[in-house]
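A short worksheet on the structure shown next.
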Amino acid sequence: MDRPNFLADERHGPLPAMLLVLTFVSGLIDAISILALGRVFVANMTGNVVFIGFAIAGAPGFSLRNSACALAGFVVGAVLAGRLVDRWGRSRPLLLRNAVAVESLLIGVCLVISLFVHLREDGPVAGTIVVGISAIAMAVQNVTARRMAVPDMMTTLLTMTLIGITADHDKFAESGLRRLVVMATMFLGATVGALLVLHATVRLALAVVLVLLLAVCVAAAVSAREEAPWQA
């Protein structure tokens with residue numbers, strides 16, 4: 001089995017490693033939103049469409065307001081990210097640096113809100129605001145990862161990755177290990193996020209997300225200093 005090189009890929013340079021960190025972030029942020037903000041996804045919108053249906057049907061424990069806010073925020077973030085891609089898309093590391101900087105700013109706002117309001121217990125309105133802001137941030141990440149065009153590294157969508165592992169088993173040696181690493185990374189992010197929310201604080205979980213985003217931002221900035229074929 002061919003071993004993927006996440007740090008120095010022939011066609012994508014260090015982008016796979018940076019996108020792997022963002023995949024971990026996706027697991028973290030969805031753990032925060034589901035466990036602390038009321039059964040809502042901010043990184044993956046498929047679940048929110050289903051949750052909106054549950055809420056309309058009157059199922060207990062599902063917030064129509066939060067799910068709709070996440071969906072609206074994601075649309076706003078996607079529009080914003082589309083404009084960023086048009087402006088910065090000529091260099092992949094510069095695009096990633098700038099997009100993750102925007103994402104970091106938005107998550108930083110969420111962290112500041114969490115310092116003043118206990119989101120899990122007495123912050124329903126603040127929680128909805130955090131849901132909307134973080135959904136914008138994750139939309140920026142989704143659109144940017146799509147523009148990076150690194151196979152199997154969409155940072156949030158694992159359904160097609162799972163299909164690739166199972167349905168394309170004859171090509172497993174080519175990309176199977178990379179796909180397994182991506183899925184394991186999402187799993188670890190969700191696990192760490194759940195542990196932080198349940199046994200520490202939401203603000204600590206958001207702080208970890210922010211630190212990881214800033215690390216990716218710095219790594220992308222450093223990568224952009226030297227010209228290489230993979231950057232275009």
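In the structure tokens, the first chain shown is A, the next is B, and so on; residue numbers restart at 1 for each chain, and ligands run from 1 in the order shown.
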
Which residues in stretch 36-133 of chain A does DSSP call alpha helix (DSSP H)? List them as a PyMOL selection string. chain A and resi 36+45-56+64-88+92-116+124-133

All residues 8 Å or closer to stretch 101-113 of chain A, only C-alpha atoms, same chain fewer than 2 positions away omitted, as a PyMOL selection string: chain A and resi 97-99+115-117+126+130+133-134+136-138+140-141+203+206-207+209-210+213-214+217

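Between atom CA of A:Ser33 and atom CA of A:Val202 the separation is 9.5 Å.
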
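The residue set within 8 Å of A:Met45, counting only C-alpha atoms and dropping same-chain residues fewer than 6 places from it, reads Ala70, Leu71 and Phe74 of chain A.
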
Create the file for the chosen residues now, containing C-alpha atoms and written as a PDB file, in the first residue's frame.
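Generated file (selection.pdb):
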```
ATOM      1  CA  ALA A  70     -26.761  27.577  11.095  1.00  0.00           C
ATOM      2  CA  LEU A  71     -28.091  26.991   7.594  1.00  0.00           C
ATOM      3  CA  PHE A  74     -23.483  28.752   6.159  1.00  0.00           C
TER       4      PHE A  74
END
```

Pick out the residues sitting within 12 Å of A:Leu157, and hand them over as a ChimeraX atom specification; count only C-alpha atoms, and ignore anything fewer than 2 positions along from it in its own chain. /A:22-23,26-27,43-47,138,141-143,145-146,151-155,159-163,179,182-183,186

Test item: residues at most 12 Å from A:His199, only C-alpha atoms, excluding those fewer than 6 positions along its chain, as a PyMOL selection string: chain A and resi 35-36+191-193+205

Kindly save the residues from that selection, with N, CA, C and O atoms included, as a tab-separated table (two decimals), in the first residue's frame.
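Contents of selection_26.tsv, as written:
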```tsv
chain	number	residue	atom	x	y	z
A	35	LEU	N	-23.20	19.36	21.37
A	35	LEU	CA	-23.28	19.11	22.81
A	35	LEU	C	-23.54	20.36	23.65
A	35	LEU	O	-24.10	20.26	24.73
A	36	ALA	N	-23.14	21.52	23.13
A	36	ALA	CA	-23.27	22.73	23.94
A	36	ALA	C	-24.27	23.73	23.40
A	36	ALA	O	-24.73	24.61	24.13
A	191	THR	N	-14.07	13.39	19.26
A	191	THR	CA	-13.85	12.82	20.59
A	191	THR	C	-13.22	13.84	21.53
A	191	THR	O	-13.68	14.03	22.67
A	192	VAL	N	-12.18	14.51	21.06
A	192	VAL	CA	-11.53	15.54	21.88
A	192	VAL	C	-12.50	16.67	22.18
A	192	VAL	O	-12.57	17.17	23.32
A	193	GLY	N	-13.28	17.08	21.18
A	193	GLY	CA	-14.25	18.14	21.40
A	193	GLY	C	-15.27	17.75	22.45
A	193	GLY	O	-15.62	18.56	23.33
A	205	ALA	N	-12.72	24.57	24.69
A	205	ALA	CA	-12.84	23.89	23.41
A	205	ALA	C	-12.70	24.89	22.26
A	205	ALA	O	-12.01	24.62	21.27
```

Could you tell me which of A:Ala59, A:Cys69, A:Val25, A:Val222 comes closest to A:Gly127 if we count only C-alpha atoms?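 Ranking A:Ala59, A:Cys69, A:Val25, A:Val222 by distance to A:Gly127, first place goes to A:Cys69.
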